[in-house]
$ cat upload_26.csv   # CSV, C-alpha atoms
chain,number,residue,atom,x,y,z
Z,17,MET,CA,-76.1,-28.7,20.5
Z,18,THR,CA,-73.3,-26.2,21.1
Z,19,ASP,CA,-74.1,-23.2,23.3
Z,20,THR,CA,-73.4,-20.1,21.3
Z,21,THR,CA,-72.9,-18.0,24.4
Z,22,LEU,CA,-70.0,-20.1,25.5
Z,23,ARG,CA,-66.9,-20.9,23.5
Z,24,GLY,CA,-64.1,-23.5,24.0
Z,25,ALA,CA,-65.9,-26.1,26.1
Z,26,GLU,CA,-69.3,-27.7,26.6
Z,27,PRO,CA,-71.4,-26.3,29.4
Z,28,PRO,CA,-71.2,-29.4,31.7
Z,29,ILE,CA,-67.4,-29.2,31.7
Z,30,VAL,CA,-67.5,-25.6,32.7
Z,31,ARG,CA,-70.1,-26.1,35.4
Z,32,ASP,CA,-68.0,-28.9,36.8
Z,33,ALA,CA,-64.9,-26.8,36.8
Z,34,LEU,CA,-66.8,-24.0,38.6
Z,35,GLU,CA,-68.1,-26.4,41.2
Z,36,ARG,CA,-64.8,-28.1,41.9
Z,37,GLY,CA,-62.6,-25.0,41.4
Z,38,ASP,CA,-60.6,-26.9,38.8
Z,39,PRO,CA,-58.5,-24.4,36.8
Z,40,LEU,CA,-57.4,-27.0,34.1
Z,41,PRO,CA,-60.4,-29.3,33.4
Z,42,GLY,CA,-59.0,-30.7,30.2
Z,43,THR,CA,-60.0,-28.0,27.7
Z,44,ALA,CA,-58.2,-25.6,25.3
Z,45,GLY,CA,-59.8,-22.7,27.2
Z,46,PHE,CA,-63.3,-21.3,27.5
Z,47,GLY,CA,-65.1,-18.1,27.9
Z,48,GLY,CA,-68.5,-16.5,27.7
Z,49,GLU,CA,-71.8,-16.6,29.5
Z,50,ILE,CA,-73.2,-19.6,31.3
Z,51,ASP,CA,-76.1,-19.8,33.8
Z,52,GLY,CA,-76.3,-16.0,34.0
Z,53,ARG,CA,-72.6,-15.7,34.8
Z,54,PHE,CA,-69.5,-14.5,32.8
Z,55,VAL,CA,-66.6,-16.9,32.9
Z,56,ARG,CA,-63.1,-16.9,31.4
Z,57,ASP,CA,-60.5,-19.7,31.9
Z,58,VAL,CA,-57.4,-19.3,34.0
Z,59,LEU,CA,-55.1,-18.6,31.0
Z,60,GLY,CA,-57.6,-16.4,29.1
Z,61,ARG,CA,-57.4,-18.5,26.0
Z,62,VAL,CA,-60.9,-17.3,24.9
Z,63,PRO,CA,-61.2,-13.5,24.7
Z,64,LEU,CA,-64.2,-12.1,26.5
Z,65,PHE,CA,-65.1,-8.4,26.6
Z,66,VAL,CA,-67.8,-6.6,28.6
Z,67,GLU,CA,-69.0,-3.1,28.5
Z,68,ALA,CA,-67.3,-0.8,31.0
Z,69,GLU,CA,-69.3,-0.1,34.1
Z,70,SER,CA,-70.3,3.4,32.9
Z,71,SER,CA,-71.7,1.8,29.7
Z,72,PHE,CA,-74.0,-0.7,31.3
Z,73,ALA,CA,-77.1,1.5,31.0
Z,74,ARG,CA,-76.6,1.9,27.2
Z,75,ALA,CA,-78.7,0.1,24.7
Z,76,GLY,CA,-77.0,-2.8,22.9
Z,77,PRO,CA,-75.0,-5.8,23.9
Z,78,THR,CA,-73.2,-5.8,27.2
Z,79,TRP,CA,-70.6,-8.4,26.3
Z,80,ALA,CA,-69.0,-10.0,23.2
Z,81,PHE,CA,-66.1,-12.2,22.1
Z,82,GLU,CA,-64.6,-9.3,20.2
Z,83,PRO,CA,-64.1,-5.7,21.2
Z,84,THR,CA,-65.6,-4.2,18.0
Z,85,ALA,CA,-69.1,-5.2,19.1
Z,86,LEU,CA,-69.1,-3.0,22.1
Z,87,GLU,CA,-69.0,0.8,22.7
Z,88,ASP,CA,-66.5,0.7,25.6
Z,89,PRO,CA,-65.0,-2.8,25.8
Z,90,VAL,CA,-63.1,-4.0,28.8
Z,91,LEU,CA,-61.3,-7.4,28.8
Z,92,PHE,CA,-62.9,-9.7,31.3
Z,93,PRO,CA,-60.3,-11.0,33.8
Z,94,ALA,CA,-58.9,-14.5,33.3
Z,95,GLY,CA,-59.8,-17.1,35.9
Z,96,ALA,CA,-62.8,-15.0,37.0
Z,97,VAL,CA,-66.6,-15.4,37.3
Z,98,ALA,CA,-69.2,-12.6,37.6
Z,99,ALA,CA,-72.9,-12.1,37.4
Z,100,ALA,CA,-73.8,-11.3,33.8
Z,101,ASP,CA,-75.9,-8.3,34.8
Z,102,GLY,CA,-73.3,-6.6,37.0
Z,103,PRO,CA,-70.3,-4.4,36.4
Z,104,VAL,CA,-66.8,-5.7,35.8
Z,105,PRO,CA,-65.4,-4.8,39.3
Z,106,ASP,CA,-67.8,-7.4,40.8
Z,107,ALA,CA,-65.8,-10.2,39.0
Z,108,GLU,CA,-64.3,-12.6,41.5
Z,109,SER,CA,-61.3,-14.9,41.0
Z,110,CYS,CA,-62.5,-18.5,40.6
Z,111,TRP,CA,-59.4,-20.3,39.4
Z,112,ALA,CA,-55.7,-19.8,40.1
Z,113,LEU,CA,-52.8,-21.2,38.2
Z,114,PRO,CA,-51.7,-24.5,39.9
Z,115,ASP,CA,-48.3,-24.7,41.5
Z,116,PRO,CA,-47.5,-28.5,41.6
Z,117,ALA,CA,-44.2,-29.8,42.9
Z,118,PRO,CA,-41.7,-30.4,40.1
Z,119,VAL,CA,-41.1,-33.9,38.9
Z,120,SER,CA,-37.7,-35.0,40.2
Z,121,ASP,CA,-37.2,-37.8,37.6
Z,122,HIS,CA,-36.2,-35.9,34.5
Z,123,GLU,CA,-36.9,-38.7,32.1
Z,124,ALA,CA,-40.4,-39.2,33.6
Z,125,ALA,CA,-41.1,-35.4,33.3
Z,126,ILE,CA,-40.1,-35.5,29.6
Z,127,ASP,CA,-42.2,-38.6,29.0
Z,128,ASP,CA,-45.2,-36.8,30.6
Z,129,LEU,CA,-44.7,-33.7,28.5
Z,130,GLU,CA,-44.4,-35.7,25.3
Z,131,GLY,CA,-47.6,-37.6,26.2
Z,132,ALA,CA,-49.4,-34.4,27.0
Z,133,ILE,CA,-48.4,-32.8,23.7
Z,134,GLU,CA,-49.4,-35.9,21.7
Z,135,THR,CA,-52.8,-35.9,23.5
Z,136,ALA,CA,-53.3,-32.3,22.6
Z,137,THR,CA,-52.4,-32.6,19.0
Z,138,ALA,CA,-54.4,-35.8,18.7
Z,139,SER,CA,-57.5,-34.0,19.9
Z,140,VAL,CA,-56.9,-31.4,17.2
Z,141,ARG,CA,-56.6,-34.0,14.5
Z,142,GLN,CA,-60.0,-35.5,15.5
Z,143,ASP,CA,-61.8,-32.3,14.7
Z,144,ASP,CA,-63.3,-32.0,11.3
Z,145,ARG,CA,-61.2,-29.0,10.2
Z,146,ASP,CA,-58.8,-28.4,7.4
Z,147,ILE,CA,-55.7,-27.0,9.2
Z,148,ALA,CA,-52.6,-25.3,8.1
Z,149,VAL,CA,-49.6,-24.3,10.3
Z,150,ALA,CA,-48.0,-20.9,10.6
Z,151,PHE,CA,-44.4,-22.1,10.3
Z,152,SER,CA,-41.3,-20.0,11.1
Z,153,GLY,CA,-38.8,-22.8,11.0
Z,154,GLY,CA,-38.3,-22.7,14.8
Z,155,VAL,CA,-38.8,-25.7,17.0
Z,156,ASP,CA,-42.2,-24.6,18.3
Z,157,SER,CA,-44.0,-24.5,15.0
Z,158,ALA,CA,-42.0,-27.4,13.6
Z,159,LEU,CA,-43.3,-29.7,16.3
Z,160,VAL,CA,-46.8,-28.6,15.8
Z,161,ALA,CA,-46.4,-29.2,12.0
Z,162,GLU,CA,-44.9,-32.6,12.5
Z,163,LEU,CA,-47.5,-33.9,14.9
Z,164,LEU,CA,-50.5,-32.5,13.0
Z,165,ASP,CA,-49.0,-33.4,9.6
Z,166,ALA,CA,-50.5,-30.2,8.2
Z,167,PRO,CA,-49.4,-27.9,5.4
Z,168,LEU,CA,-46.7,-25.3,6.2
Z,169,TYR,CA,-47.0,-21.6,5.5
Z,170,VAL,CA,-44.4,-19.0,6.3
Z,171,VAL,CA,-44.8,-15.2,6.0
Z,172,GLY,CA,-42.1,-12.6,5.7
Z,173,PHE,CA,-40.3,-10.2,3.4
Z,174,PRO,CA,-38.1,-11.9,0.9
Z,175,ASP,CA,-34.8,-11.4,2.7
Z,176,SER,CA,-36.2,-12.2,6.1
Z,177,HIS,CA,-34.8,-14.7,8.7
Z,178,ASP,CA,-38.1,-16.5,9.0
Z,179,VAL,CA,-38.4,-17.3,5.3
Z,180,ALA,CA,-34.9,-18.6,5.1
Z,181,ALA,CA,-35.2,-20.6,8.4
Z,182,ALA,CA,-38.6,-22.1,7.3
Z,183,ARG,CA,-37.1,-23.2,4.0
Z,184,THR,CA,-34.2,-25.0,5.6
Z,185,ALA,CA,-36.3,-26.5,8.3
Z,186,ALA,CA,-38.9,-27.7,5.8
Z,187,ASP,CA,-36.2,-29.3,3.7
Z,188,ALA,CA,-34.8,-31.1,6.8
Z,189,MET,CA,-38.2,-32.4,7.6
Z,190,GLY,CA,-38.9,-33.4,4.0
Z,191,ARG,CA,-42.0,-31.1,3.8
Z,192,GLU,CA,-43.3,-28.7,1.2
Z,193,LEU,CA,-43.6,-25.1,2.2
Z,194,THR,CA,-45.8,-22.2,1.0
Z,195,VAL,CA,-44.0,-18.9,1.2
Z,196,VAL,CA,-46.2,-15.7,1.6
Z,197,ASP,CA,-43.8,-13.0,0.4
Z,198,LEU,CA,-44.7,-9.5,1.8
Z,199,GLU,CA,-44.5,-6.1,0.3
Z,200,PRO,CA,-44.7,-2.7,2.1
Z,201,ALA,CA,-48.2,-2.2,0.7
Z,202,ASP,CA,-49.4,-5.4,2.5
Z,203,LEU,CA,-48.5,-3.7,5.8
Z,204,GLU,CA,-50.3,-0.5,5.0
Z,205,ARG,CA,-53.4,-2.4,4.0
Z,206,ALA,CA,-53.4,-4.8,7.0
Z,207,VAL,CA,-52.5,-2.4,9.8
Z,208,PRO,CA,-56.1,-0.9,10.1
Z,209,GLU,CA,-57.6,-4.4,9.9
Z,210,VAL,CA,-55.4,-5.6,12.7
Z,211,ALA,CA,-55.9,-2.6,14.9
Z,212,ARG,CA,-59.7,-2.8,14.5
Z,213,ALA,CA,-59.9,-6.5,15.2
Z,214,THR,CA,-57.7,-6.4,18.3
Z,215,GLY,CA,-58.7,-3.0,19.6
Z,216,ARG,CA,-54.9,-2.3,20.0
Z,217,THR,CA,-52.8,0.4,18.2
Z,218,ASN,CA,-49.6,0.1,20.2
Z,219,ALA,CA,-46.6,-0.6,18.0
Z,220,MET,CA,-45.5,-3.9,19.6
Z,221,ASP,CA,-48.9,-5.6,19.5
Z,222,VAL,CA,-49.6,-4.6,15.9
Z,223,GLN,CA,-46.1,-5.7,14.8
Z,224,ILE,CA,-46.7,-9.1,16.4
Z,225,ALA,CA,-50.2,-9.4,15.0
Z,226,LEU,CA,-49.4,-8.4,11.4
Z,227,PRO,CA,-47.5,-11.6,10.4
Z,228,LEU,CA,-50.3,-13.7,11.8
Z,229,TYR,CA,-52.9,-11.7,9.9
Z,230,LEU,CA,-51.1,-11.8,6.6
Z,231,VAL,CA,-50.3,-15.5,6.7
Z,232,GLY,CA,-53.9,-16.2,7.9
Z,233,GLU,CA,-55.3,-14.3,4.8
Z,234,ARG,CA,-53.4,-16.6,2.5
Z,235,VAL,CA,-54.3,-19.7,4.4
Z,236,ALA,CA,-58.0,-18.7,4.3
Z,237,ALA,CA,-57.8,-17.9,0.6
Z,238,ASP,CA,-56.4,-21.4,0.0
Z,239,GLY,CA,-59.5,-22.9,1.6
Z,240,PHE,CA,-58.4,-23.9,5.1
Z,241,ASP,CA,-60.6,-23.6,8.2
Z,242,ALA,CA,-58.0,-23.2,10.9
Z,243,LEU,CA,-54.5,-21.9,11.5
Z,244,ALA,CA,-52.3,-23.9,14.0
Z,245,VAL,CA,-49.6,-21.9,15.9
Z,246,GLY,CA,-46.9,-22.7,18.4
Z,247,GLN,CA,-48.1,-20.0,20.8
Z,248,GLY,CA,-47.4,-20.5,24.5
Z,249,ALA,CA,-44.2,-22.6,24.1
Z,250,ASP,CA,-41.9,-19.8,25.2
Z,251,GLU,CA,-44.0,-18.9,28.2
Z,252,LEU,CA,-44.6,-22.5,29.3
Z,253,PHE,CA,-41.2,-24.1,28.7
Z,254,GLY,CA,-38.7,-21.3,29.5
Z,255,GLY,CA,-38.0,-19.8,26.2
Z,256,TYR,CA,-37.1,-16.3,27.3
Z,257,GLU,CA,-33.6,-15.0,28.2
Z,258,LYS,CA,-35.1,-13.2,31.2
Z,259,VAL,CA,-36.0,-16.4,32.9
Z,260,VAL,CA,-32.3,-17.3,33.0
Z,261,ARG,CA,-30.9,-13.8,33.8
Z,262,LEU,CA,-33.5,-13.1,36.4
Z,263,ASP,CA,-33.0,-9.4,35.7
Z,264,HIS,CA,-35.2,-6.4,36.3
Z,265,ARG,CA,-37.9,-7.8,34.0
Z,266,VAL,CA,-38.9,-10.5,36.5
Z,267,GLU,CA,-39.6,-10.5,40.2
Z,268,ALA,CA,-38.9,-14.2,40.8
Z,269,GLU,CA,-35.7,-15.5,42.2
Z,270,THR,CA,-35.8,-18.9,40.5
Z,271,VAL,CA,-36.2,-20.1,36.9
Z,272,ARG,CA,-39.5,-21.8,37.7
Z,273,GLY,CA,-40.8,-18.7,39.3
Z,274,ALA,CA,-39.8,-16.6,36.3
Z,275,VAL,CA,-41.5,-19.1,34.0
Z,276,ARG,CA,-44.7,-18.8,36.1
Z,277,GLU,CA,-44.6,-15.0,35.7
Z,278,GLY,CA,-44.4,-15.5,31.9
Z,279,ILE,CA,-47.4,-17.9,32.0
Z,280,ARG,CA,-49.4,-15.3,33.9
Z,281,SER,CA,-48.8,-12.8,31.1
Z,282,LEU,CA,-50.7,-15.0,28.6
Z,283,PRO,CA,-54.2,-13.7,29.4
Z,284,ASP,CA,-53.2,-10.3,28.1
Z,285,GLN,CA,-51.3,-11.6,25.1
Z,286,LEU,CA,-53.6,-14.3,23.8
Z,287,PRO,CA,-56.6,-12.1,22.8
Z,288,ARG,CA,-54.4,-10.2,20.4
Z,289,ASP,CA,-53.4,-13.4,18.6
Z,290,VAL,CA,-56.8,-15.1,18.7
Z,291,LEU,CA,-58.6,-12.0,17.5
Z,292,THR,CA,-56.1,-11.5,14.7
Z,293,ILE,CA,-56.5,-15.0,13.4
Z,294,GLU,CA,-60.3,-14.9,13.7
Z,295,ALA,CA,-60.3,-11.7,11.7
Z,296,THR,CA,-59.0,-13.7,8.7
Z,297,GLY,CA,-62.0,-16.1,9.0
Z,298,LEU,CA,-59.9,-18.9,10.5
Z,299,GLU,CA,-60.1,-20.7,13.8
Z,300,PRO,CA,-56.9,-20.5,15.9
Z,301,VAL,CA,-55.5,-23.7,17.1
Z,302,ALA,CA,-52.7,-23.7,19.8
Z,303,PRO,CA,-52.0,-27.2,20.9
Z,304,PHE,CA,-49.3,-26.2,23.5
Z,305,LEU,CA,-52.0,-24.2,25.4
Z,306,HIS,CA,-54.2,-27.3,26.0
Z,307,ASP,CA,-54.8,-28.0,29.7
Z,308,THR,CA,-52.9,-31.3,29.5
Z,309,VAL,CA,-49.8,-29.6,28.2
Z,310,VAL,CA,-50.0,-26.7,30.7
Z,311,GLU,CA,-50.2,-29.2,33.6
Z,312,ALA,CA,-47.1,-31.1,32.4
Z,313,ALA,CA,-45.2,-27.9,31.8
Z,314,LEU,CA,-46.0,-26.7,35.4
Z,315,ARG,CA,-44.3,-29.8,36.7
Z,316,LEU,CA,-41.0,-29.3,34.9
Z,317,PRO,CA,-38.1,-28.7,37.2
Z,318,ASP,CA,-35.6,-25.8,36.7
Z,319,GLU,CA,-33.1,-28.1,35.0
Z,320,LEU,CA,-35.7,-28.9,32.2
Z,321,LEU,CA,-36.6,-25.3,31.7
Z,322,ALA,CA,-33.6,-23.1,30.9
Z,323,ASP,CA,-30.0,-22.4,31.8
Z,324,ALA,CA,-27.3,-20.2,30.4
Z,325,ASP,CA,-26.6,-22.7,27.6
Z,326,GLU,CA,-30.0,-23.7,26.5
Z,327,ARG,CA,-33.6,-22.6,26.8
Z,328,LYS,CA,-36.8,-24.8,26.7
Z,329,ARG,CA,-34.6,-27.8,27.5
Z,330,GLY,CA,-37.3,-30.3,28.3
Z,331,PHE,CA,-39.4,-29.2,25.4
Z,332,ARG,CA,-36.4,-29.6,23.1
Z,333,ARG,CA,-35.9,-33.2,24.4
Z,334,VAL,CA,-39.5,-34.0,23.3
Z,335,ALA,CA,-39.0,-32.3,20.0
Z,336,ASP,CA,-35.8,-34.2,19.4
Z,337,ARG,CA,-37.8,-37.4,19.4
Z,338,HIS,CA,-39.9,-36.2,16.5
Z,339,LEU,CA,-37.8,-33.7,14.5
Z,340,PRO,CA,-34.3,-33.6,13.0
Z,341,THR,CA,-31.9,-32.5,15.6
Z,342,GLU,CA,-30.9,-29.4,13.7
Z,343,VAL,CA,-34.5,-28.3,13.8
Z,344,ALA,CA,-35.2,-29.3,17.5
Z,345,SER,CA,-32.1,-27.4,18.6
Z,346,ARG,CA,-32.9,-24.2,16.8
Z,347,ASP,CA,-33.4,-20.8,18.4
Z,348,LYS,CA,-35.8,-18.4,16.8
Z,349,LYS,CA,-36.4,-14.7,16.4
Z,350,ALA,CA,-39.6,-13.0,17.6
Z,351,VAL,CA,-42.0,-13.0,14.7
Z,352,GLN,CA,-42.1,-9.3,14.2
Z,353,TYR,CA,-38.3,-9.3,13.8
Z,354,GLY,CA,-37.8,-12.6,12.0
Z,355,SER,CA,-40.4,-11.6,9.4
Z,356,LEU,CA,-38.9,-8.1,9.1
Z,357,VAL,CA,-42.4,-6.6,9.7
Z,358,ALA,CA,-41.1,-4.4,12.5
Z,359,ARG,CA,-38.2,-3.1,10.3
Z,360,GLU,CA,-40.5,-2.3,7.4
Z,361,LEU,CA,-43.3,-0.8,9.5
Z,362,ASP,CA,-40.6,1.5,11.1
Z,363,ARG,CA,-39.4,2.4,7.6
Z,364,LEU,CA,-43.0,3.2,6.4
Z,365,ALA,CA,-43.5,5.4,9.5
Z,366,ARG,CA,-40.4,7.4,8.8
Z,367,GLN,CA,-41.4,7.8,5.1
Z,368,ALA,CA,-44.7,9.2,6.3
Z,369,ASP,CA,-42.7,11.8,8.3
Z,370,TYR,CA,-43.1,10.0,11.7
Z,371,LYS,CA,-39.4,10.3,12.6
Z,372,ARG,CA,-37.7,8.2,15.3
Z,373,ARG,CA,-37.0,11.3,17.4
Z,374,MET,CA,-40.7,11.5,18.0
Z,375,ASP,CA,-42.1,9.6,21.0
Z,376,ASP,CA,-43.8,6.4,19.8
Z,377,HIS,CA,-43.4,7.3,16.1
Z,378,VAL,CA,-44.6,3.8,14.9
Z,379,GLY,CA,-47.6,3.9,17.2
Z,380,LYS,CA,-48.5,7.3,15.8
Z,381,TYR,CA,-48.2,6.1,12.3
Z,382,ILE,CA,-50.5,3.1,13.1
Z,383,SER,CA,-53.1,5.4,14.5
Z,384,SER,CA,-52.9,7.6,11.4
Z,385,LEU,CA,-53.5,4.6,9.1
Z,386,LEU,CA,-56.5,3.5,11.2
Z,387,GLU,CA,-58.0,7.0,11.2
Z,388,ASP,CA,-57.6,7.3,7.4
Z,389,ALA,CA,-59.2,3.9,6.9
Z,390,GLU,CA,-62.2,4.9,9.2
Z,391,THR,CA,-62.5,8.2,7.3
Z,392,ARG,CA,-62.7,6.4,4.0
Z,393,VAL,CA,-65.4,4.0,5.4
Z,394,GLY,CA,-67.4,6.8,6.7
Z,395,SER,CA,-67.4,8.6,3.4
Z,396,ASP,CA,-68.5,5.6,1.4
$ encode --input "upload_26.csv" --output "C-alpha cells"
Amino acid sequence: MTDTTLRGAEPPIVRDALERGDPLPGTAGFGGEIDGRFVRDVLGRVPLFVEAESSFARAGPTWAFEPTALEDPVLFPAGAVAAADGPVPDAESCWALPDPAPVSDHEAAIDDLEGAIETATASVRQDDRDIAVAFSGGVDSALVAELLDAPLYVVGFPDSHDVAAARTAADAMGRELTVVDLEPADLERAVPEVARATGRTNAMDVQIALPLYLVGERVAADGFDALAVGQGADELFGGYEKVVRLDHRVEAETVRGAVREGIRSLPDQLPRDVLTIEATGLEPVAPFLHDTVVEAALRLPDELLADADERKRGFRRVADRHLPTEVASRDKKAVQYGSLVARELDRLARQADYKRRMDDHVGKYISSLLEDAETRVGSD
C-alpha cells in the first residue's frame, strides 16, 4: 500500500537512503513525511512545502506537496531532513550531490550513459500509465519520445520555431505529431492558473511554465495520464553556453564544475515544472532525472560535456544511436522563446499599458491578471 505522506519512492527505500546517506538510491526523486520527519531528495524532484516558522502555531496543515494548501509556504530544502513538528531552520543536510571521478574511457562513458537512459525509460514504460511527450523537436524531447514510443505534442504560436522544428523532427523520425496552436487569449486565461499552481509570479518562471501548462491541458483532454518531458538534460549534460564560456554567470573554473553548478540549480527550478504539469491533472515524467542517469552524467569527463563547437557531446552520441543524425545534432531554443510565449506575453503586457520602460513590466502584468482572477472568484 502506497504511503500518501511520501511521494516518489516506497518508504523502505527512503529509510535505507537515510540510514546509508545514499543521495541517489535508484529513484526518480522523493519527498514528504516519513517516520515523523520531512525529507526531500538531493535534486528536489518532488516539491515539498512547509509553513514558515511564524505560521507553525496556526490551525491547518503544516506541510503540503503544493504551495496553495498553506498560508505561508516555504520550499523545504533539497537533500535535507527535519523533524516534522519543528521549524524549517532546523532542517539538516542529509544528502550531498556525489562527485565521482570522471570516466577516462569515452566510449565506456557513453555506453554507461546510454544504459542508464534506457533503464530509466524502461522503468517508465513498465508503469500502467498512458503517456504523451511534450515535444519541441530538439534532441532532448526527441530521445524521450523515441525510447518511450509515446505520442508527440508540441505547443506554440503558429509561426513559432518550436512548431516548425517539431514538424521537421517528427517527419525525420517517421512519427505523427499533434500541434497545439496558441492564441493570445490562451495566455491571458492560463497565466493566473500557472501563477496560483506554482506560487510564482515573476516573468521568467511564468513564461517557462505556460507552454507546459497549455500542452498539458490538451494532453489531459485527450485522455492521457502523464506528460513526459526532457527536463534536466541541459543541466546534466552541459547544454548551456555558460558552461563553455565560464563567464560571470558561473563560479567554476572547469566545464565539469560549471555543469555541477547547473545541476545544483535544479531544486529551485523543478517545483515550477512539476506543479505546472500537475495543475493540468497529469503526472510529470522526466526520465533524464532518474538517479541512474544522474549518476552516469556525473561521471562524464569535460570532453563529453561541452566545448566551443558542441554542447551535450556525450548525450548527443547516445542520441545519435537512436535518432536521425539531423535530430540528434539539433540545438534548441528555450521553450519560452521557441514557442513565442515570451514575445506574446510581452506584447499583451504592453497592450495593457505595462510599457517596457517600466521596471518588470511583464511581471506587473502577470500580477494584475492574477489579482483580477482572484477578484472574480471572490465575487462569485
$ closest_residue --input "upload_26.csv" --among "Z:Asp156, Z:Glu299, Z:Glu233, Z:Asp238" --to "Arg346 of chain Z" --atoms "only C-alpha atoms"
Z:Asp156
$ closest_residue --input "upload_26.csv" --among "Z:Phe54, Z:Phe173, Z:Phe253, Z:Tyr229" --to "Val357 of chain Z" --atoms "all atoms listed in the file"
Z:Phe173
$ residues_around --input "upload_26.csv" --residues "segment 318-333 of chain Z" --least-positions-apart "6" --cutoff "8 Å" --atoms "only C-alpha atoms" --output "list in words"
His122, Ile126, Leu129, Val155, Asp250, Phe253, Gly254, Gly255, Tyr256, Glu257, Val259, Val260, Thr270, Val271, Arg272, Ala344 and Ser345 of chain Z
$ atom_distance --input "upload_26.csv" --atom1 "atom CA of Ala33 of chain Z" --atom2 "atom CA of Trp111 of chain Z"
8.9 Å
$ residues_around --input "upload_26.csv" --residues "segment 288-295 of chain Z" --least-positions-apart "2" --cutoff "9 Å" --atoms "all atoms listed in the file" --output "short mmCIF file (atom, residue, chain, number, x, y, z; two decimals) with C-alpha atoms, keeping the file's coordinate frame"
data_model
loop_
_atom_site.label_atom_id
_atom_site.label_comp_id
_atom_site.auth_asym_id
_atom_site.auth_seq_id
_atom_site.Cartn_x
_atom_site.Cartn_y
_atom_site.Cartn_z
CA ARG Z 61 -57.40 -18.50 26.00
CA VAL Z 62 -60.90 -17.30 24.90
CA PRO Z 63 -61.20 -13.50 24.70
CA PHE Z 81 -66.10 -12.20 22.10
CA GLU Z 82 -64.60 -9.30 20.20
CA GLU Z 209 -57.60 -4.40 9.90
CA VAL Z 210 -55.40 -5.60 12.70
CA ALA Z 211 -55.90 -2.60 14.90
CA ALA Z 213 -59.90 -6.50 15.20
CA THR Z 214 -57.70 -6.40 18.30
CA GLY Z 215 -58.70 -3.00 19.60
CA ARG Z 216 -54.90 -2.30 20.00
CA ASP Z 221 -48.90 -5.60 19.50
CA VAL Z 222 -49.60 -4.60 15.90
CA ILE Z 224 -46.70 -9.10 16.40
CA ALA Z 225 -50.20 -9.40 15.00
CA LEU Z 226 -49.40 -8.40 11.40
CA LEU Z 228 -50.30 -13.70 11.80
CA TYR Z 229 -52.90 -11.70 9.90
CA GLY Z 232 -53.90 -16.20 7.90
CA GLU Z 233 -55.30 -14.30 4.80
CA ALA Z 242 -58.00 -23.20 10.90
CA LEU Z 243 -54.50 -21.90 11.50
CA GLN Z 247 -48.10 -20.00 20.80
CA ASP Z 284 -53.20 -10.30 28.10
CA GLN Z 285 -51.30 -11.60 25.10
CA LEU Z 286 -53.60 -14.30 23.80
CA GLY Z 297 -62.00 -16.10 9.00
CA LEU Z 298 -59.90 -18.90 10.50
CA GLU Z 299 -60.10 -20.70 13.80
CA PRO Z 300 -56.90 -20.50 15.90
CA VAL Z 301 -55.50 -23.70 17.10
#
$ atom_distance --input "upload_26.csv" --atom1 "atom CA of Glu390 of chain Z" --atom2 "atom CA of Arg372 of chain Z"
25.5 Å
$ residues_near_point --input "upload_26.csv" --point "(-54.2, -29.8, 14.3)" --cutoff "12 Å" --atoms "all atoms listed in the file" --output "PDB file with C-alpha atoms, in the coordinates of the input"
ATOM      1  CA  ILE Z 133     -48.400 -32.800  23.700  1.00  0.00           C
ATOM      2  CA  GLU Z 134     -49.400 -35.900  21.700  1.00  0.00           C
ATOM      3  CA  THR Z 135     -52.800 -35.900  23.500  1.00  0.00           C
ATOM      4  CA  ALA Z 136     -53.300 -32.300  22.600  1.00  0.00           C
ATOM      5  CA  THR Z 137     -52.400 -32.600  19.000  1.00  0.00           C
ATOM      6  CA  ALA Z 138     -54.400 -35.800  18.700  1.00  0.00           C
ATOM      7  CA  SER Z 139     -57.500 -34.000  19.900  1.00  0.00           C
ATOM      8  CA  VAL Z 140     -56.900 -31.400  17.200  1.00  0.00           C
ATOM      9  CA  ARG Z 141     -56.600 -34.000  14.500  1.00  0.00           C
ATOM     10  CA  GLN Z 142     -60.000 -35.500  15.500  1.00  0.00           C
ATOM     11  CA  ASP Z 143     -61.800 -32.300  14.700  1.00  0.00           C
ATOM     12  CA  ASP Z 144     -63.300 -32.000  11.300  1.00  0.00           C
ATOM     13  CA  ARG Z 145     -61.200 -29.000  10.200  1.00  0.00           C
ATOM     14  CA  ASP Z 146     -58.800 -28.400   7.400  1.00  0.00           C
ATOM     15  CA  ILE Z 147     -55.700 -27.000   9.200  1.00  0.00           C
ATOM     16  CA  ALA Z 148     -52.600 -25.300   8.100  1.00  0.00           C
ATOM     17  CA  VAL Z 149     -49.600 -24.300  10.300  1.00  0.00           C
ATOM     18  CA  ALA Z 150     -48.000 -20.900  10.600  1.00  0.00           C
ATOM     19  CA  SER Z 157     -44.000 -24.500  15.000  1.00  0.00           C
ATOM     20  CA  LEU Z 159     -43.300 -29.700  16.300  1.00  0.00           C
ATOM     21  CA  VAL Z 160     -46.800 -28.600  15.800  1.00  0.00           C
ATOM     22  CA  ALA Z 161     -46.400 -29.200  12.000  1.00  0.00           C
ATOM     23  CA  GLU Z 162     -44.900 -32.600  12.500  1.00  0.00           C
ATOM     24  CA  LEU Z 163     -47.500 -33.900  14.900  1.00  0.00           C
ATOM     25  CA  LEU Z 164     -50.500 -32.500  13.000  1.00  0.00           C
ATOM     26  CA  ASP Z 165     -49.000 -33.400   9.600  1.00  0.00           C
ATOM     27  CA  ALA Z 166     -50.500 -30.200   8.200  1.00  0.00           C
ATOM     28  CA  PRO Z 167     -49.400 -27.900   5.400  1.00  0.00           C
ATOM     29  CA  LEU Z 168     -46.700 -25.300   6.200  1.00  0.00           C
ATOM     30  CA  PHE Z 240     -58.400 -23.900   5.100  1.00  0.00           C
ATOM     31  CA  ASP Z 241     -60.600 -23.600   8.200  1.00  0.00           C
ATOM     32  CA  ALA Z 242     -58.000 -23.200  10.900  1.00  0.00           C
ATOM     33  CA  LEU Z 243     -54.500 -21.900  11.500  1.00  0.00           C
ATOM     34  CA  ALA Z 244     -52.300 -23.900  14.000  1.00  0.00           C
ATOM     35  CA  VAL Z 245     -49.600 -21.900  15.900  1.00  0.00           C
ATOM     36  CA  GLY Z 246     -46.900 -22.700  18.400  1.00  0.00           C
ATOM     37  CA  GLU Z 299     -60.100 -20.700  13.800  1.00  0.00           C
ATOM     38  CA  PRO Z 300     -56.900 -20.500  15.900  1.00  0.00           C
ATOM     39  CA  VAL Z 301     -55.500 -23.700  17.100  1.00  0.00           C
ATOM     40  CA  ALA Z 302     -52.700 -23.700  19.800  1.00  0.00           C
ATOM     41  CA  PRO Z 303     -52.000 -27.200  20.900  1.00  0.00           C
ATOM     42  CA  PHE Z 304     -49.300 -26.200  23.500  1.00  0.00           C
ATOM     43  CA  HIS Z 306     -54.200 -27.300  26.000  1.00  0.00           C
TER      44      HIS Z 306
END
